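Notes follow once the structure below has been shown.
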Amino acid sequence: MILKNGLVFTENAEFVPADVELAGEAIVKVAPAGTLDGEEVLDVSGRYVTPGFVDIHIHGSKGSDFCDAGAEHIETMCEYLGSVGVTSFCGTTMAFDEPILTNILTVAKPYIGKETGGAVLRGVNMEGPFINKAKKGAQAEKYVMEPDTAMFDRLYELCGGAIKLVDMAPEVNGALPFIQHASKKCVVSIAHTCANYEEARAGFEAGATHVTHLFNAMPPFAHRDPGVVGAASDYARHVEMISDGVHLHPAVVRSVFRLFGDERVCLISDSMRAAGMPNGVYSLGGQTVYMTDGKATLEDGTIAGSATCLAECFRRAVSFGVKLESALKAATINPAKAVGLFETLGSVTVGKRADVLVLDKALQPEHIFIGGVKTK
């Protein structure tokens, strides 16, 4: 398949007029516009040719949750995500005890890297349970616990090393030795924390490189007490941001790109099972969630994840005034780099996996290719 005369988003995060050839599961050629021909040609003049979106923090969608006991729920997520242009994702857990997490990872393991015709599950984002109860957000307090390296190692081995990220509040007892240990196996992300600047800095110095949903479930960024956000600006490799318009004001979304630069921001959905569903009552981590007009909350009003897919978060970031190239980089290249997937996906590059979108001027997917197979 040749995608002809498109505006191709390169791994340098710029659009260039080009033709792209897909063969099998791979991107095999990228050439100047109008120079490639073949048996199957799709004229994409005036459209954007981009990588598929990579969501490294997502709990659920379309009525299913990664933590549900049943492979059919993973398949539902794969199907829905693929239909909106998310081609790779990390299933994200909540704070649970080891037996529950063991069951979740046992169910997920056969799906790591498995082709289902939709988005591909690339790994696990372990958001709990090693967090601070005072900033638990929508996590169930009864499952929050102090860091346990032995437990982490058992879960890591159980899923064949598929844990890509693990969250940690750096100020809790035992956090720094845990970070030093876990950071040798996966990305450690600072999250659900009351840490001040010095405590967060200590976490980064111990080996953390990432921050989970910046500004949410952490102290505010103040001029005399910059907290996690200030430490992240100095030390973090990547920070996550939910640009759904609910978790953060549009001005904050723009400010994050200015403060961190577009090479360090990862857009995420943090969506729960209400994404792609009508208003109603749902659940997250064993707690009841009420979703009304795109806002998901617990009974006490606490925001409980988002109800917005990454593709829509990307479009909203652009609508908030973020440069198109920057928002696209934050939804494709950066998250792939953050979890060690960029060698094989995340950009329209010869030799990489053919997860490719053709977006119209409204940034809606007109055509979707997943592993070289046209799904839309």
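Simple scheme: letters A, B, ... for chains in structure tokens order, numbers from 1 for residues in each chain, numbers from 1 for ligands in the order shown.
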
What parts of range 142-229 of chain A does DSSP call helix (DSSP H, G or I)? I'd like the answer as a tab-separated table (two decimals) with N, CA, C and O atoms, in the first residue's frame.
```tsv
chain	number	residue	atom	x	y	z
A	142	LYS	N	-7.82	1.14	51.17
A	142	LYS	CA	-7.55	-0.12	51.86
A	142	LYS	C	-6.43	-0.93	51.21
A	142	LYS	O	-5.84	-1.81	51.84
A	143	TYR	N	-6.14	-0.63	49.94
A	143	TYR	CA	-5.09	-1.38	49.24
A	143	TYR	C	-3.75	-0.66	49.21
A	143	TYR	O	-2.74	-1.23	48.78
A	149	THR	N	9.60	-4.45	47.64
A	149	THR	CA	10.39	-4.86	46.48
A	149	THR	C	10.18	-6.33	46.14
A	149	THR	O	10.17	-6.70	44.96
A	150	ALA	N	10.00	-7.17	47.13
A	150	ALA	CA	9.79	-8.60	46.87
A	150	ALA	C	8.49	-8.82	46.11
A	150	ALA	O	8.43	-9.61	45.16
A	151	MET	N	7.45	-8.12	46.51
A	151	MET	CA	6.17	-8.21	45.82
A	151	MET	C	6.30	-7.71	44.37
A	151	MET	O	5.83	-8.35	43.43
A	152	PHE	N	6.96	-6.58	44.22
A	152	PHE	CA	7.18	-6.05	42.87
A	152	PHE	C	7.93	-7.04	42.01
A	152	PHE	O	7.56	-7.29	40.85
A	153	ASP	N	8.98	-7.64	42.54
A	153	ASP	CA	9.77	-8.61	41.77
A	153	ASP	C	8.94	-9.82	41.36
A	153	ASP	O	9.07	-10.31	40.23
A	154	ARG	N	8.08	-10.28	42.25
A	154	ARG	CA	7.24	-11.43	41.92
A	154	ARG	C	6.28	-11.08	40.79
A	154	ARG	O	6.10	-11.87	39.85
A	155	LEU	N	5.69	-9.90	40.84
A	155	LEU	CA	4.77	-9.49	39.79
A	155	LEU	C	5.51	-9.25	38.47
A	155	LEU	O	5.02	-9.60	37.39
A	156	TYR	N	6.70	-8.68	38.57
A	156	TYR	CA	7.51	-8.42	37.37
A	156	TYR	C	7.86	-9.73	36.68
A	156	TYR	O	7.74	-9.85	35.44
A	157	GLU	N	8.28	-10.70	37.44
A	157	GLU	CA	8.62	-12.00	36.86
A	157	GLU	C	7.39	-12.72	36.33
A	157	GLU	O	7.43	-13.37	35.27
A	158	LEU	N	6.28	-12.60	37.03
A	158	LEU	CA	5.05	-13.26	36.62
A	158	LEU	C	4.62	-12.86	35.22
A	158	LEU	O	4.20	-13.71	34.42
A	175	ALA	N	10.64	4.29	50.28
A	175	ALA	CA	10.50	4.63	48.87
A	175	ALA	C	11.83	4.67	48.12
A	175	ALA	O	11.94	4.13	47.00
A	176	LEU	N	12.84	5.30	48.69
A	176	LEU	CA	14.08	5.49	47.94
A	176	LEU	C	14.80	4.18	47.64
A	176	LEU	O	15.24	3.97	46.49
A	177	PRO	N	14.92	3.24	48.59
A	177	PRO	CA	15.50	1.95	48.22
A	177	PRO	C	14.67	1.22	47.16
A	177	PRO	O	15.24	0.56	46.28
A	178	PHE	N	13.34	1.36	47.24
A	178	PHE	CA	12.50	0.73	46.22
A	178	PHE	C	12.79	1.33	44.85
A	178	PHE	O	12.93	0.61	43.86
A	179	ILE	N	12.87	2.65	44.79
A	179	ILE	CA	13.14	3.31	43.50
A	179	ILE	C	14.48	2.85	42.93
A	179	ILE	O	14.60	2.55	41.74
A	180	GLN	N	15.50	2.79	43.79
A	180	GLN	CA	16.81	2.34	43.33
A	180	GLN	C	16.74	0.93	42.75
A	180	GLN	O	17.37	0.63	41.73
A	181	HIS	N	15.95	0.08	43.36
A	181	HIS	CA	15.80	-1.31	42.92
A	181	HIS	C	14.96	-1.40	41.64
A	181	HIS	O	15.39	-1.99	40.64
A	182	ALA	N	13.77	-0.83	41.67
A	182	ALA	CA	12.84	-0.99	40.55
A	182	ALA	C	13.30	-0.28	39.29
A	182	ALA	O	13.01	-0.72	38.17
A	197	TYR	N	9.65	19.74	47.18
A	197	TYR	CA	10.69	19.76	46.15
A	197	TYR	C	11.85	18.84	46.52
A	197	TYR	O	12.33	18.05	45.69
A	198	GLU	N	12.33	18.93	47.75
A	198	GLU	CA	13.49	18.14	48.15
A	198	GLU	C	13.20	16.65	48.15
A	198	GLU	O	14.05	15.83	47.73
A	199	GLU	N	12.02	16.26	48.60
A	199	GLU	CA	11.66	14.84	48.60
A	199	GLU	C	11.51	14.31	47.17
A	199	GLU	O	11.94	13.19	46.87
A	200	ALA	N	10.93	15.12	46.30
A	200	ALA	CA	10.81	14.69	44.91
A	200	ALA	C	12.18	14.60	44.25
A	200	ALA	O	12.48	13.66	43.51
A	201	ARG	N	13.05	15.58	44.54
A	201	ARG	CA	14.41	15.54	43.99
A	201	ARG	C	15.13	14.27	44.44
A	201	ARG	O	15.83	13.63	43.63
A	202	ALA	N	14.95	13.90	45.69
A	202	ALA	CA	15.57	12.67	46.18
A	202	ALA	C	15.06	11.46	45.41
A	202	ALA	O	15.83	10.53	45.12
A	203	GLY	N	13.79	11.48	45.06
A	203	GLY	CA	13.24	10.39	44.26
A	203	GLY	C	13.87	10.31	42.88
A	203	GLY	O	14.21	9.23	42.40
A	204	PHE	N	14.05	11.46	42.26
A	204	PHE	CA	14.70	11.48	40.95
A	204	PHE	C	16.17	11.04	41.06
A	204	PHE	O	16.66	10.28	40.22
A	205	GLU	N	16.83	11.49	42.08
A	205	GLU	CA	18.23	11.11	42.26
A	205	GLU	C	18.38	9.62	42.54
A	205	GLU	O	19.41	9.02	42.21
A	206	ALA	N	17.33	9.01	43.10
A	206	ALA	CA	17.37	7.56	43.36
A	206	ALA	C	17.09	6.73	42.11
A	206	ALA	O	17.36	5.53	42.09
A	227	GLY	N	7.44	22.06	44.88
A	227	GLY	CA	6.96	20.69	44.96
A	227	GLY	C	7.43	19.78	43.84
A	227	GLY	O	8.50	19.96	43.24
A	228	VAL	N	6.59	18.79	43.53
A	228	VAL	CA	6.93	17.80	42.51
A	228	VAL	C	7.07	18.45	41.14
A	228	VAL	O	7.98	18.11	40.37
A	229	VAL	N	6.19	19.40	40.83
A	229	VAL	CA	6.24	20.03	39.51
A	229	VAL	C	7.57	20.74	39.31
A	229	VAL	O	8.21	20.63	38.26
```

Requested in this report: Quick one: everything within 10 Å of Arg315 in chain A, counting only C-alpha atoms, minus sequence neighbours fewer than 6 positions away in the same chain. Send it as a ChimeraX atom specification.
Outcome: /A:243-244,322,324,327-328,362-364

Prev. selection, C-alpha atoms, output as a compact mmCIF listing (two decimals), in the first residue's frame:
```txt
# COMPACT_ATOMS: atom_id res chain seq x y z
CA SER A 243 -5.40 17.34 28.36
CA ASP A 244 -9.11 16.51 28.50
CA VAL A 322 -0.71 23.81 21.62
CA LEU A 324 -0.02 20.68 16.24
CA ALA A 327 0.78 17.81 20.59
CA LEU A 328 1.35 15.03 18.07
CA ALA A 362 -10.15 18.24 11.73
CA LEU A 363 -7.56 15.71 13.03
CA GLN A 364 -10.05 12.85 12.82
```

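Relative to CA of Gly63 in chain A, CA of Ala275 in chain A is found at 7.5 Å.
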
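The shortest atom-to-atom distance to His367 in chain A, with only C-alpha atoms taken into account, belongs to A:Val49 out of A:Val49, A:Val30, A:Val252, A:Leu7.
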
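Assigned to strand (DSSP E or B) in range 339-370 of chain A, given DSSP computed from backbone atoms, are Arg353, Val356, Leu357, Val358, Leu359, Pro365, Glu366, His367, Ile368, Phe369 and Ile370 of chain A.
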
What does the file look like for those residues with all heavy atoms, as a short mmCIF file (atom, residue, chain, number, x, y, z; two decimals), in the first residue's frame?
```cif
data_model
loop_
_atom_site.label_atom_id
_atom_site.label_comp_id
_atom_site.auth_asym_id
_atom_site.auth_seq_id
_atom_site.Cartn_x
_atom_site.Cartn_y
_atom_site.Cartn_z
N ARG A 353 7.27 -0.48 12.65
CA ARG A 353 5.96 -1.08 12.51
C ARG A 353 5.00 -0.10 11.82
O ARG A 353 5.01 1.11 12.12
CB ARG A 353 5.43 -1.47 13.88
CG ARG A 353 4.06 -2.12 13.89
CD ARG A 353 3.69 -2.53 15.29
NE ARG A 353 2.25 -2.76 15.41
CZ ARG A 353 1.66 -3.91 15.14
NH1 ARG A 353 2.39 -4.96 14.78
NH2 ARG A 353 0.35 -4.04 15.28
N VAL A 356 -0.05 3.41 11.35
CA VAL A 356 -0.08 4.69 10.64
C VAL A 356 -1.52 5.20 10.56
O VAL A 356 -2.45 4.43 10.29
CB VAL A 356 0.50 4.55 9.22
CG1 VAL A 356 0.40 5.87 8.46
CG2 VAL A 356 1.96 4.09 9.29
N LEU A 357 -1.68 6.49 10.78
CA LEU A 357 -2.98 7.14 10.66
C LEU A 357 -2.95 8.14 9.52
O LEU A 357 -1.92 8.75 9.24
CB LEU A 357 -3.34 7.89 11.94
CG LEU A 357 -3.21 7.15 13.28
CD1 LEU A 357 -3.59 8.09 14.42
CD2 LEU A 357 -4.08 5.90 13.29
N VAL A 358 -4.08 8.29 8.87
CA VAL A 358 -4.30 9.39 7.93
C VAL A 358 -5.37 10.27 8.55
O VAL A 358 -6.53 9.85 8.68
CB VAL A 358 -4.73 8.89 6.55
CG1 VAL A 358 -5.00 10.08 5.62
CG2 VAL A 358 -3.66 7.97 5.94
N LEU A 359 -4.97 11.46 8.98
CA LEU A 359 -5.89 12.37 9.66
C LEU A 359 -6.37 13.46 8.71
O LEU A 359 -5.59 13.99 7.91
CB LEU A 359 -5.20 13.04 10.85
CG LEU A 359 -4.57 12.12 11.91
CD1 LEU A 359 -3.93 12.97 13.01
CD2 LEU A 359 -5.59 11.17 12.49
N PRO A 365 -9.35 10.55 12.37
CA PRO A 365 -8.74 9.50 11.52
C PRO A 365 -9.63 9.12 10.34
O PRO A 365 -10.75 8.65 10.53
CB PRO A 365 -8.55 8.33 12.49
CG PRO A 365 -9.56 8.56 13.57
CD PRO A 365 -9.72 10.04 13.70
N GLU A 366 -9.12 9.34 9.16
CA GLU A 366 -9.84 8.98 7.93
C GLU A 366 -9.49 7.55 7.53
O GLU A 366 -10.33 6.80 7.03
CB GLU A 366 -9.46 9.96 6.83
CG GLU A 366 -10.33 9.89 5.60
CD GLU A 366 -10.04 11.05 4.66
OE1 GLU A 366 -10.26 12.21 5.06
OE2 GLU A 366 -9.59 10.78 3.52
N HIS A 367 -8.23 7.18 7.76
CA HIS A 367 -7.75 5.81 7.50
C HIS A 367 -6.85 5.41 8.67
O HIS A 367 -6.10 6.23 9.21
CB HIS A 367 -6.98 5.71 6.19
CG HIS A 367 -7.74 6.18 5.00
ND1 HIS A 367 -8.76 5.45 4.42
CD2 HIS A 367 -7.64 7.33 4.26
CE1 HIS A 367 -9.25 6.11 3.39
NE2 HIS A 367 -8.59 7.25 3.27
N ILE A 368 -6.92 4.13 9.05
CA ILE A 368 -6.12 3.59 10.14
C ILE A 368 -5.45 2.30 9.68
O ILE A 368 -6.12 1.41 9.15
CB ILE A 368 -6.98 3.32 11.39
CG1 ILE A 368 -7.62 4.62 11.91
CG2 ILE A 368 -6.13 2.67 12.49
CD1 ILE A 368 -8.61 4.40 13.04
N PHE A 369 -4.14 2.22 9.87
CA PHE A 369 -3.38 1.00 9.59
C PHE A 369 -2.74 0.53 10.90
O PHE A 369 -2.05 1.31 11.56
CB PHE A 369 -2.29 1.26 8.55
CG PHE A 369 -2.81 1.67 7.20
CD1 PHE A 369 -3.13 3.00 6.93
CD2 PHE A 369 -2.99 0.72 6.20
CE1 PHE A 369 -3.61 3.38 5.68
CE2 PHE A 369 -3.46 1.08 4.94
CZ PHE A 369 -3.78 2.42 4.69
N ILE A 370 -2.97 -0.71 11.25
CA ILE A 370 -2.38 -1.28 12.46
C ILE A 370 -1.56 -2.49 12.05
O ILE A 370 -2.09 -3.47 11.54
CB ILE A 370 -3.45 -1.68 13.49
CG1 ILE A 370 -4.29 -0.44 13.89
CG2 ILE A 370 -2.80 -2.29 14.73
CD1 ILE A 370 -5.41 -0.75 14.84
#
```

Query raised in the report: Which residue gives the smallest distance to Ala138 in chain A among A:Thr308, A:Thr106, A:Ser45, A:Thr302, with only C-alpha atoms counted?
Result: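 Residue with the minimum atom-to-atom distance to Ala138 in chain A: A:Thr302.
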
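Of the listed residues A:His249, A:Arg237, A:His210, A:Lys135, the one whose atoms come nearest to Thr193 in chain A is A:Lys135, with distances taken using only C-alpha atoms.
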
Query raised in the report: Between CA of Lys374 in chain A and CA of Lys361 in chain A, what is the spacing in Å?
Result: 20.1 Å

Query raised in the report: Smallest atom-to-atom distance to Ala222 in chain A: which of A:Ser269, A:Asn196, A:Thr209, A:Thr116, using only C-alpha atoms?
Result: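 The closest residue to Ala222 in chain A is A:Asn196.
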
Per residue of range 268-335 of chain A within 9 Å of range 68-81 of chain A, what are the shortest atom pair and its distance in Å to one decimal, counting only C-alpha atoms, with rows by chain and residue number, as a Markdown table?
```
| residue | atom | partner | partner_atom | distance |
| --- | --- | --- | --- | --- |
| A:Arg273 | CA | A:Met77 | CA | 8.9 |
| A:Gly276 | CA | A:Tyr80 | CA | 8.0 |
| A:Cys309 | CA | A:Leu81 | CA | 7.7 |
| A:Leu310 | CA | A:Leu81 | CA | 8.8 |
| A:Ala311 | CA | A:Leu81 | CA | 9.0 |
```

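If you measure from each of A:Pro250, A:Pro147, A:Gly160, A:Gly46 to Pro17 in chain A using only C-alpha atoms, the closest one turns out to be A:Gly46.
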
Report task. Grab the CA of Tyr290 in chain A to CA of Asp270 in chain A distance for me, in Å with one decimal place. Result ->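 Distance reported for this atom pair: 15.7 Å.
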